[in-house]
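> Mind looking over this structure? Questions follow.
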Amino acid sequence: MSEIPREKVEALYQRLYEEAEASGYHLNPDKEFTLGLVESLLINEARYGYWACPCRLATGEKQKDLDIICPCDYRDADLLEWGACYCGLYVSEEVLRGERPLQSIPERRPPEGQRPQEQPARAPAVSVTELPLPVWRCRVCGYLCAREQPPAVCPICKAKRDRFERFL
Amino acid sequence: MNARGRIPGIRNQHQVLFYALSTCIWCKRTREFLEANNIAFDFVYVDLLSGTEREAVVEQVRRWNPSVSFPTLVIDGCRAIIGYRPEEIQEALGL
């Protein structure tokens with residue numbers, strides 16, 4: 001169905017595999033399944049300009065789709081509860097070892113109006129005005145860093161800067 | 001890939017409507033399951049639609065599945081199966 005060259009799909013698979021393993025995540029070991037999803041990420045990149053989740057209906061407006069850009073805001077919670085992300089691209093160690101079956105899981109993404117990017121930026125919960133720098137949180141993996149601006153790419157999960165929120 | 005279509009099958013006693021995304025592997029598995037079991041069904045790849053046509057289909061899916069997730073399989077206009085659930089499909093279609 002797609003015009004994405006096989007080498008491109010394989011190359012991105014390899015990159016995602018290495019990045020995942022380097023930071024404690026795992027790709028689905030069913031390679032045919034996973035290559036299908038990687039190909040879909042490239043299809044969505046060509047369609048929308050970003051890696052919209054292949055298993056969710058993207059609007060094509062980046063700001064509205066921000067929470068479902070892969071890796072999505074819901075991946076880590078789904079890995080913990082179900083052993084896999086919604087698509088089945090990322091799996092837990094139990095699923096990787098074959099100790100837990102991989103299955104199609106319920107949608108965790110809240111309905112329109114309740115999504116993370118639709119919430120007004122909140123003031124930090126605790127007042128820490130004496131901090132010399134703001135603290136930023138990656139909405140995908142929870143990585144925290146104290147610096148003037150969030151990093152361009154999360155060093156843990158590789159989510160881009162626009163997935164960070166002010167934490168403190 | 002066509003956005004809409006009908007797949008003929010020997011098992012055509014039920015009306016089966018398959019709402020899917022062309023990029024979703026669980027949708028692909030579901031379609032393969034239907035085809036392997038010779039089930040006749042109509043399909044719509046919602047990501048391949050645009051404008052008011054897409055909006056109308058999204059509203060149809062929402063009636064069965066408020067989270068508008070895929071695949072959503074509507075059987076005889078009275079029951080929805082959400083996600084890749086081969087056993088549920090078997091049970092609903094009496095396979």
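So you can find residues: chains in the structure tokens are A, B, ... in the order shown, residues in each start at 1, and ligands are numbered from 1 in order.
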Set the cut-off to 12 Å and count only C-alpha atoms: what are the residues of chain B that reach chain A? Output as a short mmCIF file (atom, residue, chain, number, x, y, z; two decimals) with N, CA, C and O atoms, in the first residue's frame.

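So out33.cif came out as:
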```cif
data_model
loop_
_atom_site.label_atom_id
_atom_site.label_comp_id
_atom_site.auth_asym_id
_atom_site.auth_seq_id
_atom_site.Cartn_x
_atom_site.Cartn_y
_atom_site.Cartn_z
N MET B 1 -4.54 2.32 -1.80
CA MET B 1 -5.58 1.68 -0.98
C MET B 1 -6.88 2.48 -1.08
O MET B 1 -6.86 3.71 -1.00
N ASN B 2 -8.00 1.78 -1.28
CA ASN B 2 -9.29 2.46 -1.34
C ASN B 2 -9.74 2.86 0.06
O ASN B 2 -9.55 2.12 1.00
N ALA B 3 -10.39 4.03 0.14
CA ALA B 3 -10.89 4.48 1.43
C ALA B 3 -12.12 3.67 1.86
O ALA B 3 -12.36 3.48 3.05
N TYR B 19 -14.67 -0.22 10.58
CA TYR B 19 -14.09 1.13 10.58
C TYR B 19 -12.64 1.00 11.00
O TYR B 19 -12.36 0.44 12.08
N ALA B 20 -11.72 1.52 10.20
CA ALA B 20 -10.31 1.27 10.45
C ALA B 20 -9.43 2.45 10.03
O ALA B 20 -9.91 3.43 9.45
N LEU B 21 -8.15 2.32 10.36
CA LEU B 21 -7.14 3.26 9.88
C LEU B 21 -6.17 2.48 9.01
O LEU B 21 -5.79 1.36 9.36
N SER B 22 -5.75 3.08 7.91
CA SER B 22 -4.91 2.35 6.96
C SER B 22 -3.51 2.11 7.51
O SER B 22 -2.79 1.25 7.02
N THR B 23 -3.13 2.86 8.56
CA THR B 23 -1.77 2.74 9.12
C THR B 23 -1.71 1.86 10.37
O THR B 23 -0.64 1.65 10.93
N CYS B 24 -2.85 1.37 10.82
CA CYS B 24 -2.92 0.68 12.11
C CYS B 24 -2.75 -0.82 11.93
O CYS B 24 -3.46 -1.44 11.13
N ILE B 25 -1.82 -1.40 12.67
CA ILE B 25 -1.54 -2.83 12.48
C ILE B 25 -2.62 -3.70 13.14
O ILE B 25 -2.94 -4.78 12.66
N TRP B 26 -3.23 -3.24 14.23
CA TRP B 26 -4.34 -4.00 14.82
C TRP B 26 -5.52 -4.03 13.85
O TRP B 26 -6.24 -5.03 13.76
N CYS B 27 -5.71 -2.94 13.10
CA CYS B 27 -6.76 -2.93 12.08
C CYS B 27 -6.44 -3.94 10.99
O CYS B 27 -7.31 -4.67 10.51
N LYS B 28 -5.15 -3.97 10.61
CA LYS B 28 -4.71 -4.90 9.57
C LYS B 28 -4.96 -6.34 10.01
O LYS B 28 -5.46 -7.16 9.25
N ARG B 29 -4.62 -6.62 11.27
CA ARG B 29 -4.85 -7.98 11.80
C ARG B 29 -6.34 -8.34 11.77
O ARG B 29 -6.70 -9.46 11.46
N THR B 30 -7.16 -7.36 12.13
CA THR B 30 -8.61 -7.61 12.16
C THR B 30 -9.12 -7.92 10.77
O THR B 30 -9.88 -8.86 10.55
N TYR B 45 -11.65 3.24 5.65
CA TYR B 45 -10.41 3.72 6.26
C TYR B 45 -10.58 5.21 6.53
O TYR B 45 -10.48 6.04 5.62
N VAL B 46 -10.84 5.52 7.78
CA VAL B 46 -11.25 6.88 8.13
C VAL B 46 -10.12 7.89 7.91
O VAL B 46 -10.36 9.05 7.57
N ASP B 47 -8.87 7.44 8.07
CA ASP B 47 -7.74 8.36 7.86
C ASP B 47 -7.60 8.76 6.40
O ASP B 47 -6.91 9.73 6.10
N LEU B 48 -8.21 8.00 5.50
CA LEU B 48 -8.09 8.33 4.07
C LEU B 48 -9.23 9.23 3.60
O LEU B 48 -9.27 9.63 2.44
N LEU B 49 -10.17 9.53 4.52
CA LEU B 49 -11.26 10.44 4.17
C LEU B 49 -10.89 11.85 4.60
O LEU B 49 -10.02 12.04 5.44
N SER B 50 -11.59 12.84 4.03
CA SER B 50 -11.34 14.21 4.48
C SER B 50 -12.65 14.99 4.52
O SER B 50 -13.68 14.51 4.04
N GLY B 51 -12.55 16.16 5.11
CA GLY B 51 -13.68 17.10 5.11
C GLY B 51 -14.94 16.55 5.75
O GLY B 51 -14.90 15.81 6.73
N ARG B 54 -15.36 12.73 6.21
CA ARG B 54 -14.70 12.18 7.38
C ARG B 54 -15.50 12.49 8.65
O ARG B 54 -15.73 11.62 9.48
N GLU B 55 -15.95 13.73 8.75
CA GLU B 55 -16.73 14.13 9.94
C GLU B 55 -17.95 13.23 10.12
O GLU B 55 -18.26 12.80 11.23
N VAL B 57 -18.42 10.16 9.06
CA VAL B 57 -18.04 8.80 9.45
C VAL B 57 -17.59 8.79 10.92
O VAL B 57 -17.93 7.88 11.68
N VAL B 58 -16.84 9.82 11.33
CA VAL B 58 -16.40 9.90 12.72
C VAL B 58 -17.62 9.92 13.65
O VAL B 58 -17.63 9.26 14.69
N VAL B 61 -18.95 6.44 13.99
CA VAL B 61 -18.13 5.62 14.89
C VAL B 61 -18.40 6.02 16.34
O VAL B 61 -18.54 5.17 17.22
N ARG B 62 -18.53 7.32 16.57
CA ARG B 62 -18.72 7.83 17.94
C ARG B 62 -19.98 7.26 18.60
O ARG B 62 -20.02 7.03 19.80
N ASN B 65 -18.76 3.97 19.72
CA ASN B 65 -17.49 3.93 20.46
C ASN B 65 -17.09 5.38 20.75
O ASN B 65 -16.47 6.03 19.91
N PRO B 66 -17.50 5.88 21.93
CA PRO B 66 -17.30 7.30 22.22
C PRO B 66 -15.83 7.76 22.13
O PRO B 66 -15.57 8.93 21.88
N SER B 67 -14.88 6.82 22.29
CA SER B 67 -13.50 7.27 22.19
C SER B 67 -13.01 7.29 20.74
O SER B 67 -11.87 7.66 20.47
N VAL B 68 -13.88 6.92 19.80
CA VAL B 68 -13.54 6.93 18.37
C VAL B 68 -12.16 6.30 18.12
O VAL B 68 -11.26 6.91 17.57
N SER B 69 -12.03 5.06 18.59
CA SER B 69 -10.78 4.35 18.38
C SER B 69 -10.99 3.27 17.32
O SER B 69 -12.13 2.94 16.97
N PHE B 70 -9.86 2.73 16.85
CA PHE B 70 -9.93 1.80 15.72
C PHE B 70 -9.10 0.55 16.01
O PHE B 70 -8.11 0.65 16.72
N PRO B 71 -9.49 -0.61 15.48
CA PRO B 71 -10.67 -0.83 14.66
C PRO B 71 -11.96 -0.84 15.49
O PRO B 71 -11.94 -1.24 16.65
N THR B 72 -13.05 -0.42 14.87
CA THR B 72 -14.38 -0.58 15.43
C THR B 72 -15.19 -1.38 14.41
O THR B 72 -15.26 -0.99 13.25
N ILE B 81 -17.58 -4.15 18.29
CA ILE B 81 -16.40 -4.79 18.86
C ILE B 81 -15.23 -3.85 18.61
O ILE B 81 -14.95 -3.47 17.47
N ILE B 82 -14.60 -3.44 19.70
CA ILE B 82 -13.55 -2.42 19.62
C ILE B 82 -12.20 -3.06 19.85
O ILE B 82 -12.01 -3.80 20.82
N GLY B 83 -11.25 -2.80 18.94
CA GLY B 83 -9.92 -3.39 19.05
C GLY B 83 -9.87 -4.72 18.31
O GLY B 83 -10.87 -5.17 17.74
N TYR B 84 -8.69 -5.33 18.32
CA TYR B 84 -8.51 -6.63 17.66
C TYR B 84 -8.94 -7.72 18.64
O TYR B 84 -8.24 -8.01 19.60
N ARG B 85 -10.13 -8.26 18.44
CA ARG B 85 -10.72 -9.23 19.37
C ARG B 85 -11.26 -10.43 18.60
O ARG B 85 -12.48 -10.58 18.44
N PRO B 86 -10.37 -11.31 18.12
CA PRO B 86 -10.83 -12.44 17.30
C PRO B 86 -11.89 -13.31 17.99
O PRO B 86 -12.85 -13.72 17.33
#
```
> Could you write out, as a VMD selection string, all the residues of chain B that DSSP marks as strand (DSSP E)?
chain B and resid 4 to 7 16 to 20 41 to 45 72 to 75 79 to 82
> How would the residues just picked look written out with C-alpha atoms as an mmCIF file, in the first residue's frame?

```
data_model
loop_
_atom_site.group_PDB
_atom_site.id
_atom_site.type_symbol
_atom_site.label_atom_id
_atom_site.label_comp_id
_atom_site.auth_asym_id
_atom_site.auth_seq_id
_atom_site.Cartn_x
_atom_site.Cartn_y
_atom_site.Cartn_z
ATOM 1 C CA ARG B 4 -14.111 2.461 1.205
ATOM 2 C CA GLY B 5 -15.166 -0.821 -0.240
ATOM 3 C CA ARG B 6 -16.844 -4.163 0.170
ATOM 4 C CA ILE B 7 -15.093 -7.484 0.551
ATOM 5 C CA VAL B 16 -20.382 -6.309 9.164
ATOM 6 C CA LEU B 17 -19.044 -2.759 9.057
ATOM 7 C CA PHE B 18 -15.323 -2.351 9.615
ATOM 8 C CA TYR B 19 -14.094 1.127 10.580
ATOM 9 C CA ALA B 20 -10.308 1.268 10.449
ATOM 10 C CA PHE B 41 -17.818 -6.938 5.156
ATOM 11 C CA ASP B 42 -17.815 -3.280 4.233
ATOM 12 C CA PHE B 43 -14.749 -1.277 5.177
ATOM 13 C CA VAL B 44 -13.947 2.409 5.668
ATOM 14 C CA TYR B 45 -10.414 3.718 6.259
ATOM 15 C CA THR B 72 -14.380 -0.582 15.434
ATOM 16 C CA LEU B 73 -16.468 -3.383 14.010
ATOM 17 C CA VAL B 74 -20.241 -2.876 13.934
ATOM 18 C CA ILE B 75 -22.246 -6.066 13.548
ATOM 19 C CA ARG B 79 -23.187 -4.488 18.492
ATOM 20 C CA ALA B 80 -19.691 -2.993 18.343
ATOM 21 C CA ILE B 81 -16.397 -4.790 18.857
ATOM 22 C CA ILE B 82 -13.554 -2.418 19.620
#
```
> What lies within 10 Å of range 19-22 of chain A using only C-alpha atoms, ignoring chain neighbours under 6 positions off, as a list in words?
Tyr13, Tyr90, Pro155, Ile156, Cys157 and Lys158 of chain A
> Any idea what the distance is between CA of Leu66 in chain A and CA of Glu165 in chain A?
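Taking CA of Leu66 in chain A as the start and CA of Glu165 in chain A as the end point, the length is 12.4 Å.
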> So which bits of chain B end up alpha helix (DSSP H) when you DSSP the backbone, as a count of residues only?
34
> Could you name the residues that touch Pro8 in chain B at 10 Å or less, counting only C-alpha atoms, but leaving out those on the same chain fewer than 4 positions away, as a compact mmCIF listing (two decimals) with N, CA and C atoms, in the first residue's frame?

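Written file, result.txt:
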```
# COMPACT_ATOMS: atom_id res chain seq x y z
N ASN B 12 -21.98 -14.37 4.71
CA ASN B 12 -22.55 -13.03 4.47
C ASN B 12 -23.91 -12.85 5.14
N GLU B 35 -11.00 -11.76 6.58
CA GLU B 35 -10.80 -12.35 5.25
C GLU B 35 -10.48 -13.85 5.36
N ASN B 38 -13.46 -15.79 5.70
CA ASN B 38 -14.44 -15.69 4.62
C ASN B 38 -15.69 -14.88 4.97
N ILE B 39 -15.49 -13.84 5.75
CA ILE B 39 -16.62 -13.02 6.18
C ILE B 39 -16.79 -11.85 5.20
N ALA B 40 -18.01 -11.65 4.76
CA ALA B 40 -18.29 -10.51 3.89
C ALA B 40 -18.39 -9.26 4.76
N PHE B 41 -17.75 -8.17 4.35
CA PHE B 41 -17.82 -6.94 5.16
C PHE B 41 -17.60 -5.70 4.30
N ASP B 42 -18.09 -4.58 4.83
CA ASP B 42 -17.82 -3.28 4.23
C ASP B 42 -16.74 -2.61 5.07
```
